[in-house]
file data-v2.txt (compact mmCIF, C-alpha atoms)
# COMPACT_ATOMS: atom_id res chain seq x y z
CA MET H 1 0.00 0.00 0.00
CA ILE H 2 1.12 3.54 -0.71
CA TYR H 3 0.52 5.86 2.25
CA THR H 4 0.61 9.62 1.97
CA ILE H 5 1.08 11.78 5.05
CA THR H 6 -0.37 15.28 4.93
CA LEU H 7 0.23 17.03 8.24
CA ASN H 8 -1.58 20.22 7.21
CA PRO H 9 -4.33 19.36 4.70
CA SER H 10 -6.76 21.94 3.37
CA ILE H 11 -9.78 22.72 1.32
CA ASP H 12 -8.38 24.58 -1.67
CA TYR H 13 -10.96 27.17 -2.68
CA VAL H 14 -9.97 28.15 -6.22
CA MET H 15 -11.48 31.33 -7.68
CA PHE H 16 -11.02 32.34 -11.32
CA THR H 17 -11.34 36.06 -12.05
CA ASP H 18 -10.80 38.19 -15.15
CA GLY H 19 -8.72 40.57 -13.05
CA PHE H 20 -7.87 41.34 -9.47
CA GLU H 21 -7.74 44.81 -7.93
CA GLN H 22 -6.54 45.13 -4.36
CA GLY H 23 -8.89 47.10 -2.13
CA ALA H 24 -11.83 46.82 -4.54
CA LEU H 25 -14.77 44.48 -5.10
CA ASN H 26 -13.69 41.57 -7.29
CA ARG H 27 -16.01 38.95 -8.75
CA ALA H 28 -15.13 35.39 -9.62
CA HIS H 29 -16.67 33.84 -12.73
CA THR H 30 -15.80 30.25 -11.74
CA THR H 31 -15.02 28.61 -8.39
CA TYR H 32 -13.96 25.14 -7.27
CA LYS H 33 -13.47 23.42 -3.91
CA PHE H 34 -10.87 20.66 -3.81
CA ALA H 35 -9.53 18.35 -1.12
CA GLY H 36 -6.03 19.75 -0.91
CA GLY H 37 -2.65 19.42 0.74
CA LYS H 38 0.41 18.00 -1.00
CA GLY H 39 0.10 14.42 0.22
CA ILE H 40 -3.62 14.36 -0.54
CA ASN H 41 -2.88 15.60 -4.06
CA VAL H 42 -0.40 12.75 -4.44
CA SER H 43 -3.05 10.24 -3.38
CA ARG H 44 -5.60 11.66 -5.81
CA VAL H 45 -3.24 11.30 -8.76
CA LEU H 46 -2.10 7.85 -7.61
CA LYS H 47 -5.75 6.79 -7.71
CA ALA H 48 -6.11 8.26 -11.21
CA LEU H 49 -3.19 6.01 -12.18
CA ASP H 50 -5.05 3.03 -10.65
CA ASN H 51 -2.87 2.66 -7.57
CA ASP H 52 -4.39 1.93 -4.16
CA THR H 53 -3.51 4.56 -1.59
CA THR H 54 -4.34 5.56 1.97
CA VAL H 55 -4.29 9.10 3.34
CA HIS H 56 -2.78 9.72 6.78
CA GLY H 57 -2.72 13.06 8.59
CA PHE H 58 -5.01 15.24 10.69
CA LEU H 59 -8.58 16.33 9.91
CA GLY H 60 -10.98 18.45 11.90
CA GLY H 61 -14.30 20.28 11.74
CA PHE H 62 -16.53 20.70 8.69
CA PRO H 63 -13.55 21.25 6.34
CA GLY H 64 -12.06 17.96 7.51
CA GLN H 65 -15.36 16.17 6.94
CA PHE H 66 -15.57 17.62 3.42
CA ILE H 67 -12.08 16.34 2.64
CA LYS H 68 -12.82 12.88 4.03
CA GLU H 69 -16.08 12.51 2.10
CA THR H 70 -14.53 13.85 -1.12
CA LEU H 71 -11.66 11.37 -0.98
CA GLN H 72 -13.88 8.43 -0.06
CA ALA H 73 -16.14 9.26 -3.01
CA SER H 74 -13.07 8.66 -5.21
CA ASN H 75 -12.38 5.32 -3.48
CA ILE H 76 -9.35 6.68 -1.65
CA LEU H 77 -8.90 5.23 1.84
CA VAL H 78 -8.79 7.81 4.63
CA ASP H 79 -7.20 6.93 7.98
CA CYS H 80 -6.60 10.30 9.62
CA VAL H 81 -6.40 11.43 13.22
CA GLU H 82 -9.42 13.55 14.16
CA VAL H 83 -8.58 16.88 15.81
CA ASN H 84 -10.79 19.42 17.56
CA SER H 85 -10.03 22.55 15.54
CA ASP H 86 -10.91 23.07 11.88
CA THR H 87 -8.77 21.94 8.99
CA ARG H 88 -7.63 25.03 7.10
CA ILE H 89 -9.20 26.56 4.00
CA ASN H 90 -6.76 28.04 1.46
CA VAL H 91 -7.83 30.57 -1.17
CA LYS H 92 -6.29 30.46 -4.66
CA LEU H 93 -7.02 33.46 -6.90
CA LYS H 94 -6.52 32.81 -10.62
CA GLY H 95 -6.53 35.84 -12.88
CA ALA H 96 -3.80 37.37 -15.01
CA SER H 97 -1.49 35.99 -12.31
CA GLU H 98 -1.83 33.53 -9.43
CA THR H 99 -2.29 34.69 -5.84
CA GLU H 100 -2.51 32.29 -2.92
CA ILE H 101 -3.63 32.87 0.67
CA ASN H 102 -2.81 29.88 2.86
CA ALA H 103 -4.25 29.54 6.36
CA PRO H 104 -2.01 28.42 9.27
CA GLY H 105 -3.75 25.15 10.15
CA PRO H 106 -5.27 23.56 13.28
CA ASN H 107 -3.79 22.94 16.72
CA ILE H 108 -2.11 19.53 16.97
CA ASN H 109 -1.23 18.21 20.43
CA GLU H 110 1.05 15.42 21.64
CA GLN H 111 -1.82 12.93 21.80
CA HIS H 112 -2.64 13.56 18.13
CA ILE H 113 1.00 13.05 17.17
CA GLU H 114 1.13 9.80 19.16
CA GLN H 115 -1.95 8.53 17.32
CA LEU H 116 -0.31 9.24 13.96
CA THR H 117 2.92 7.63 15.14
CA ASN H 118 1.04 4.44 16.04
CA LYS H 119 -0.38 4.29 12.51
CA ILE H 120 3.13 4.55 11.05
CA GLU H 121 4.40 1.85 13.42
CA ALA H 122 1.82 -0.54 11.93
CA LEU H 123 3.32 -0.26 8.42
CA THR H 124 5.65 -2.85 6.89
CA THR H 125 8.47 -3.05 4.35
CA ASP H 126 5.84 -3.80 1.68
CA ASP H 127 4.46 -0.29 2.10
CA THR H 128 5.69 3.05 0.75
CA VAL H 129 5.31 6.36 2.58
CA ILE H 130 5.15 9.81 1.01
CA ILE H 131 5.57 12.80 3.34
CA ALA H 132 4.68 16.09 1.71
CA GLY H 133 3.77 19.66 2.49
CA SER H 134 3.92 22.13 5.34
CA ILE H 135 3.37 21.52 9.05
CA PRO H 136 1.03 23.37 11.42
CA LYS H 137 2.83 25.77 13.76
CA SER H 138 1.62 23.73 16.72
CA MET H 139 3.73 20.72 15.66
CA PRO H 140 7.43 20.25 16.51
CA ASP H 141 9.88 21.44 13.86
CA ASP H 142 11.50 18.00 13.66
CA ILE H 143 8.29 16.06 12.94
CA TYR H 144 9.48 15.18 9.42
CA ALA H 145 12.72 13.80 10.86
CA GLN H 146 10.75 11.81 13.46
CA ILE H 147 8.62 10.17 10.76
CA ALA H 148 11.60 9.57 8.47
CA LYS H 149 13.58 7.95 11.28
CA ARG H 150 10.74 5.54 12.02
CA CYS H 151 10.49 4.60 8.35
CA TYR H 152 14.27 4.13 8.16
CA THR H 153 14.32 1.97 11.28
CA LYS H 154 11.53 -0.23 9.91
CA ASN H 155 13.07 -0.37 6.38
CA ILE H 156 10.01 1.30 4.87
CA PRO H 157 10.77 3.19 1.62
CA PHE H 158 9.76 6.83 1.93
CA VAL H 159 9.71 9.92 -0.25
CA VAL H 160 9.84 13.56 0.82
CA ASP H 161 8.52 16.64 -0.98
CA ALA H 162 9.02 19.66 1.26
CA GLU H 163 10.89 22.92 1.59
CA LYS H 164 14.52 23.49 2.57
CA ASP H 165 14.70 22.85 6.32
CA LEU H 166 12.20 19.98 6.33
CA LEU H 167 13.99 18.35 3.39
CA ASN H 168 17.44 18.73 4.93
CA SER H 169 16.21 17.16 8.17
CA VAL H 170 15.40 13.79 6.55
CA LEU H 171 18.38 13.23 4.24
CA GLN H 172 20.33 11.22 6.82
CA TYR H 173 17.53 8.63 6.79
CA LYS H 174 18.06 7.85 3.10
CA PRO H 175 14.75 8.71 1.40
CA LEU H 176 13.99 6.84 -1.82
CA PHE H 177 13.95 10.20 -3.56
CA VAL H 178 13.40 13.85 -2.81
CA LYS H 179 11.74 16.30 -5.18
CA PRO H 180 12.81 19.92 -4.85
CA ASN H 181 11.81 22.30 -7.62
CA ILE H 182 14.55 24.42 -9.13
CA VAL H 183 13.77 27.42 -6.91
CA GLU H 184 13.87 25.30 -3.75
CA LEU H 185 17.14 23.70 -4.86
CA GLU H 186 18.68 27.11 -5.46
CA GLU H 187 17.54 28.25 -2.02
CA MET H 188 19.09 25.19 -0.42
CA PHE H 189 22.50 26.06 -1.87
CA ASP H 190 22.04 29.84 -1.90
CA THR H 191 23.03 30.11 -5.55
CA GLN H 192 21.57 30.24 -9.05
CA LEU H 193 21.73 26.96 -10.97
CA GLN H 194 21.93 28.05 -14.60
CA SER H 195 23.20 24.88 -16.28
CA ASP H 196 22.51 21.16 -16.28
CA GLU H 197 25.95 20.58 -14.78
CA ALA H 198 25.19 22.90 -11.85
CA ILE H 199 21.85 21.18 -11.19
CA ILE H 200 23.46 17.74 -11.31
CA SER H 201 26.19 18.88 -8.93
CA ALA H 202 23.62 20.18 -6.42
CA ALA H 203 21.58 16.98 -6.71
CA LYS H 204 24.69 14.87 -6.06
CA GLN H 205 25.36 16.87 -2.92
CA LEU H 206 21.88 15.92 -1.65
CA MET H 207 22.64 12.31 -2.53
CA HIS H 208 25.94 12.53 -0.67
CA LYS H 209 23.89 13.54 2.39
CA GLY H 210 21.67 10.46 2.01
CA ALA H 211 19.01 10.84 -0.72
CA GLN H 212 18.98 7.81 -3.01
CA MET H 213 17.69 9.85 -5.98
CA VAL H 214 16.92 13.50 -6.65
CA PHE H 215 14.08 14.65 -8.90
CA VAL H 216 14.30 18.33 -9.84
CA SER H 217 11.22 19.91 -11.44
CA MET H 218 11.86 23.02 -13.52
CA GLY H 219 8.42 24.12 -14.74
CA GLY H 220 8.36 24.84 -18.44
CA ASP H 221 12.03 23.89 -18.68
CA GLY H 222 11.22 20.28 -17.88
CA ALA H 223 12.79 18.19 -15.15
CA MET H 224 15.88 16.19 -14.26
CA LEU H 225 16.30 12.89 -12.43
CA VAL H 226 19.70 12.15 -10.92
CA THR H 227 20.54 8.68 -9.58
CA HIS H 228 23.87 7.21 -8.52
CA ASP H 229 24.65 5.94 -12.01
CA LYS H 230 22.20 7.70 -14.38
CA CYS H 231 20.84 11.12 -15.18
CA PHE H 232 17.78 11.90 -17.31
CA LYS H 233 16.42 15.20 -18.52
CA ALA H 234 12.82 15.68 -19.68
CA ILE H 235 11.66 18.18 -22.28
CA VAL H 236 7.98 19.05 -21.90
CA PRO H 237 5.50 20.16 -24.57
CA LYS H 238 4.35 23.76 -24.78
CA GLY H 239 0.83 24.47 -23.62
CA GLN H 240 -1.34 26.91 -21.74
CA VAL H 241 -0.57 26.77 -18.05
CA VAL H 242 -3.94 26.93 -16.28
CA ASN H 243 -3.10 25.97 -12.71
CA THR H 244 0.29 25.14 -11.18
CA VAL H 245 -1.19 24.05 -7.82
CA GLY H 246 -0.61 20.31 -7.45
CA SER H 247 1.76 20.00 -10.40
CA GLY H 248 4.71 18.96 -8.25
CA ASP H 249 2.52 16.60 -6.23
CA SER H 250 1.33 15.00 -9.46
CA THR H 251 4.96 14.47 -10.42
CA VAL H 252 5.65 12.61 -7.18
CA ALA H 253 2.59 10.42 -7.75
CA GLY H 254 3.67 9.58 -11.29
CA MET H 255 7.14 8.56 -10.16
CA ILE H 256 5.95 6.41 -7.26
CA SER H 257 3.30 4.80 -9.45
CA GLY H 258 5.90 3.97 -12.07
CA LEU H 259 8.29 2.44 -9.55
CA THR H 260 5.45 0.49 -7.91
CA ASP H 261 4.36 -0.85 -11.29
CA ALA H 262 7.96 -1.93 -12.06
CA LEU H 263 8.50 0.48 -14.94
CA SER H 264 12.09 1.22 -15.92
CA MET H 265 13.64 4.28 -14.28
CA GLU H 266 13.35 6.18 -17.56
CA GLU H 267 9.69 5.26 -18.07
CA ALA H 268 8.80 6.06 -14.46
CA PHE H 269 10.48 9.46 -14.87
CA LYS H 270 8.63 10.08 -18.12
CA GLN H 271 5.29 9.23 -16.50
CA ALA H 272 6.09 11.52 -13.57
CA VAL H 273 6.82 14.48 -15.83
CA ALA H 274 3.65 13.77 -17.84
CA CYS H 275 1.59 13.83 -14.63
CA GLY H 276 3.01 17.17 -13.51
CA THR H 277 2.66 18.74 -16.95
CA ALA H 278 -0.90 17.49 -17.45
CA THR H 279 -1.95 18.96 -14.11
CA ALA H 280 -0.45 22.34 -15.06
CA PHE H 281 -2.62 22.29 -18.19
CA THR H 282 -5.91 21.69 -16.34
CA GLU H 283 -8.01 23.39 -13.65
CA ASP H 284 -7.74 20.46 -11.24
CA LEU H 285 -5.36 17.54 -10.89
CA ALA H 286 -4.87 15.62 -14.12
CA SER H 287 -6.98 12.61 -15.06
CA ALA H 288 -5.57 9.40 -16.50
CA THR H 289 -6.76 10.44 -19.98
CA GLU H 290 -5.04 13.82 -19.74
CA ILE H 291 -1.84 12.22 -18.45
CA ASN H 292 -1.75 9.69 -21.31
CA GLU H 293 -2.26 12.45 -23.85
CA VAL H 294 0.67 14.49 -22.55
CA LEU H 295 2.81 11.36 -22.15
CA GLN H 296 3.02 11.01 -25.92
CA HIS H 297 4.77 14.38 -26.17
CA ILE H 298 7.35 14.08 -23.37
CA GLN H 299 10.93 13.71 -24.62
CA ILE H 300 13.56 12.06 -22.42
CA LYS H 301 17.29 12.58 -22.89
CA GLN H 302 19.79 10.45 -20.99
CA ILE H 303 22.73 12.66 -20.00
CA TYR H 304 24.84 9.78 -18.68

call {"tool": "encode", "arguments": {"input": "data-v2.txt", "output": "structure tokens"}}
result
Amino acid sequence: MIYTITLNPSIDYVMFTDGFEQGALNRAHTTYKFAGGKGINVSRVLKALDNDTTVHGFLGGFPGQFIKETLQASNILVDCVEVNSDTRINVKLKGASETEINAPGPNINEQHIEQLTNKIEALTTDDTVIIAGSIPKSMPDDIYAQIAKRCYTKNIPFVVDAEKDLLNSVLQYKPLFVKPNIVELEEMFDTQLQSDEAIISAAKQLMHKGAQMVFVSMGGDGAMLVTHDKCFKAIVPKGQVVNTVGSGDSTVAGMISGLTDALSMEEAFKQAVACGTATAFTEDLASATEINEVLQHIQIKQIY
């Protein structure tokens, strides 16, 4: 089973406007409500790719109930710790540009964390864990490291998609792969990475610290996958970018799905890039049909 852990899930309330003027009345012409949070997004795309998946994390209040019912309606298993305060609602404004307003999240206490820990302790080496997204302020800063250490101790493969400090904290526990985007990778090394060689060098430094593979997403410039003995670069088709929310999460889902289904490393990488690109071209996360359409236009170059 593939388990995703979303410590700070959300309802993503997406509003499409023809323009946005600060301090004035703005009207949306289209709105959507999605079960959101990076790990939840991963689970939704995994299900689109016909992989069974279970969502772990924390849910509370009417937003939490909405998320649970939405996921269950898509035949995604939900095994979350119930908390007293409301799951957050994030607002995404889509006009000429994208503006996001993310709420802080609910209060999580030690008892809640212990309940989640017990769920992780029940997993086996046949499972895969994906830890993704932000953490509520009420949780300890080292929660990612705590989860990663438990997975490492139990020989459970795990993947991490998170920002600088959270990502750095888990590298010693040898994640299956990590997936920084190019901006996050540059922030980690406090430099601009303007060539393939520079990106590969930065990725190898993360591998030296413990990551088994590094997947770097670069938006319209494609993506790179660096392993200990291979490096692939993907060239993506041009298209109208509708919504970048969930694109990176879709990429993680595509890669894990490919590895789970025993695809070659190159084919798993190609599927991952197709998932991320297809999501960028649609208003929600990509469907299997949309992914397969984009897949035909992804070009993979093996650098070494």

call {"tool": "closest_atom_pairs", "arguments": {"input": "data-v2.txt", "of": "stretch 107-213 of chain H", "to": "stretch 267-282 of chain H", "cutoff": "12 Å", "atoms": "all atoms listed in the file", "output": "Markdown table"}}
result
| residue | atom | partner | partner_atom | distance |
| --- | --- | --- | --- | --- |
| H:Phe177 | CA | H:Phe269 | CA | 11.9 |
| H:Lys179 | CA | H:Ala272 | CA | 11.2 |
| H:Asn181 | CA | H:Gly276 | CA | 11.8 |
| H:Met213 | CA | H:Phe269 | CA | 11.5 |

call {"tool": "closest_atom_pairs", "arguments": {"input": "data-v2.txt", "of": "stretch 29-138 of chain H", "to": "stretch 14-22 of chain H", "cutoff": "9 Å", "atoms": "all atoms listed in the file", "output": "JSON lines"}}
result
{"residue": "H:His29", "atom": "CA", "partner": "H:Thr17", "partner_atom": "CA", "distance": 5.8}
{"residue": "H:Thr30", "atom": "CA", "partner": "H:Phe16", "partner_atom": "CA", "distance": 5.2}
{"residue": "H:Thr31", "atom": "CA", "partner": "H:Met15", "partner_atom": "CA", "distance": 4.5}
{"residue": "H:Tyr32", "atom": "CA", "partner": "H:Val14", "partner_atom": "CA", "distance": 5.1}
{"residue": "H:Lys33", "atom": "CA", "partner": "H:Val14", "partner_atom": "CA", "distance": 6.3}
{"residue": "H:Phe34", "atom": "CA", "partner": "H:Val14", "partner_atom": "CA", "distance": 7.9}
{"residue": "H:Asn90", "atom": "CA", "partner": "H:Val14", "partner_atom": "CA", "distance": 8.3}
{"residue": "H:Val91", "atom": "CA", "partner": "H:Val14", "partner_atom": "CA", "distance": 6.0}
{"residue": "H:Lys92", "atom": "CA", "partner": "H:Val14", "partner_atom": "CA", "distance": 4.6}
{"residue": "H:Leu93", "atom": "CA", "partner": "H:Met15", "partner_atom": "CA", "distance": 5.0}
{"residue": "H:Lys94", "atom": "CA", "partner": "H:Phe16", "partner_atom": "CA", "distance": 4.6}
{"residue": "H:Gly95", "atom": "CA", "partner": "H:Thr17", "partner_atom": "CA", "distance": 4.9}
{"residue": "H:Ala96", "atom": "CA", "partner": "H:Gly19", "partner_atom": "CA", "distance": 6.2}
{"residue": "H:Ser97", "atom": "CA", "partner": "H:Gly19", "partner_atom": "CA", "distance": 8.6}

call {"tool": "atom_distance", "arguments": {"input": "data-v2.txt", "atom1": "atom CA of H:Ile298", "atom2": "atom CA of H:Lys230"}}
result
18.5 Å

call {"tool": "closest_residue", "arguments": {"input": "data-v2.txt", "among": "H:Gly37, H:Pro106, H:Gly219, H:Gly23", "to": "H:Asp249", "atoms": "all atoms listed in the file"}}
result
H:Gly37

call {"tool": "atom_distance", "arguments": {"input": "data-v2.txt", "atom1": "atom CA of H:Phe232", "atom2": "atom CA of H:Glu266"}}
result
7.2 Å

call {"tool": "closest_residue", "arguments": {"input": "data-v2.txt", "among": "H:Leu259, H:Ala48, H:Met265, H:Val183", "to": "H:Asn75", "atoms": "all atoms listed in the file"}}
result
H:Ala48

call {"tool": "residues_near_point", "arguments": {"input": "data-v2.txt", "point": "(-4.1, 30.1, 10.2)", "cutoff": "12 Å", "atoms": "only C-alpha atoms", "output": "list in words"}}
result
Asn8, Ser10, Ser85, Asp86, Thr87, Arg88, Ile89, Asn90, Val91, Ile101, Asn102, Ala103, Pro104, Gly105, Pro106, Asn107, Ile135, Pro136, Lys137 and Ser138 of chain H

call {"tool": "atom_distance", "arguments": {"input": "data-v2.txt", "atom1": "atom CA of H:Ile235", "atom2": "atom CA of H:Ile303"}}
result
12.6 Å

call {"tool": "closest_residue", "arguments": {"input": "data-v2.txt", "among": "H:Gln299, H:Leu116, H:Ile5, H:Lys174", "to": "H:Val42", "atoms": "only C-alpha atoms"}}
result
H:Ile5

call {"tool": "axis_aligned_box", "arguments": {"input": "data-v2.txt", "around": "stretch 114-117 of chain H", "padding_each_side": "3 Å", "output": "AutoDock Vina command-line options"}}
result
--center_x 0.5 --center_y 8.7 --center_z 16.6 --size_x 10.9 --size_y 8.2 --size_z 11.2

call {"tool": "closest_residue", "arguments": {"input": "data-v2.txt", "among": "H:Lys209, H:Lys301, H:Arg150, H:Lys204", "to": "H:Asp229", "atoms": "all atoms listed in the file"}}
result
H:Lys204

call {"tool": "closest_residue", "arguments": {"input": "data-v2.txt", "among": "H:Val81, H:Ala234, H:Val170, H:Ile108", "to": "H:Gly210", "atoms": "all atoms listed in the file"}}
result
H:Val170

call {"tool": "closest_residue", "arguments": {"input": "data-v2.txt", "among": "H:Leu59, H:Ile40, H:Leu46, H:Ala162", "to": "H:Thr260", "atoms": "only C-alpha atoms"}}
result
H:Leu46

call {"tool": "build_atoms", "arguments": {"input": "data-v2.txt", "residues": "stretch 196-208 of chain H", "atoms": "N, CA and C atoms", "output": "mmCIF file, in the coordinates of the input"}}
result
data_model
loop_
_atom_site.group_PDB
_atom_site.id
_atom_site.type_symbol
_atom_site.label_atom_id
_atom_site.label_comp_id
_atom_site.auth_asym_id
_atom_site.auth_seq_id
_atom_site.Cartn_x
_atom_site.Cartn_y
_atom_site.Cartn_z
ATOM 1 N N ASP H 196 22.780 22.545 -16.681
ATOM 2 C CA ASP H 196 22.510 21.160 -16.280
ATOM 3 C C ASP H 196 23.589 20.664 -15.330
ATOM 4 N N GLU H 197 24.830 21.040 -15.604
ATOM 5 C CA GLU H 197 25.950 20.580 -14.780
ATOM 6 C C GLU H 197 25.803 21.081 -13.339
ATOM 7 N N ALA H 198 25.355 22.332 -13.195
ATOM 8 C CA ALA H 198 25.190 22.900 -11.850
ATOM 9 C C ALA H 198 24.068 22.193 -11.103
ATOM 10 N N ILE H 199 22.981 21.891 -11.813
ATOM 11 C CA ILE H 199 21.850 21.180 -11.190
ATOM 12 C C ILE H 199 22.276 19.785 -10.760
ATOM 13 N N ILE H 200 22.992 19.102 -11.627
ATOM 14 C CA ILE H 200 23.460 17.740 -11.310
ATOM 15 C C ILE H 200 24.382 17.774 -10.099
ATOM 16 N N SER H 201 25.262 18.757 -10.050
ATOM 17 C CA SER H 201 26.190 18.880 -8.930
ATOM 18 C C SER H 201 25.436 19.085 -7.617
ATOM 19 N N ALA H 202 24.414 19.946 -7.627
ATOM 20 C CA ALA H 202 23.620 20.180 -6.420
ATOM 21 C C ALA H 202 22.873 18.921 -6.013
ATOM 22 N N ALA H 203 22.310 18.221 -7.003
ATOM 23 C CA ALA H 203 21.580 16.980 -6.710
ATOM 24 C C ALA H 203 22.512 15.943 -6.094
ATOM 25 N N LYS H 204 23.737 15.853 -6.605
ATOM 26 C CA LYS H 204 24.690 14.870 -6.060
ATOM 27 C C LYS H 204 25.075 15.203 -4.628
ATOM 28 N N GLN H 205 25.072 16.492 -4.303
ATOM 29 C CA GLN H 205 25.360 16.870 -2.920
ATOM 30 C C GLN H 205 24.246 16.389 -1.996
ATOM 31 N N LEU H 206 22.986 16.447 -2.456
ATOM 32 C CA LEU H 206 21.880 15.920 -1.650
ATOM 33 C C LEU H 206 21.995 14.406 -1.526
ATOM 34 N N MET H 207 22.450 13.757 -2.588
ATOM 35 C CA MET H 207 22.640 12.310 -2.530
ATOM 36 C C MET H 207 23.786 11.948 -1.589
ATOM 37 N N HIS H 208 24.825 12.774 -1.584
ATOM 38 C CA HIS H 208 25.940 12.530 -0.670
ATOM 39 C C HIS H 208 25.475 12.592 0.784
#
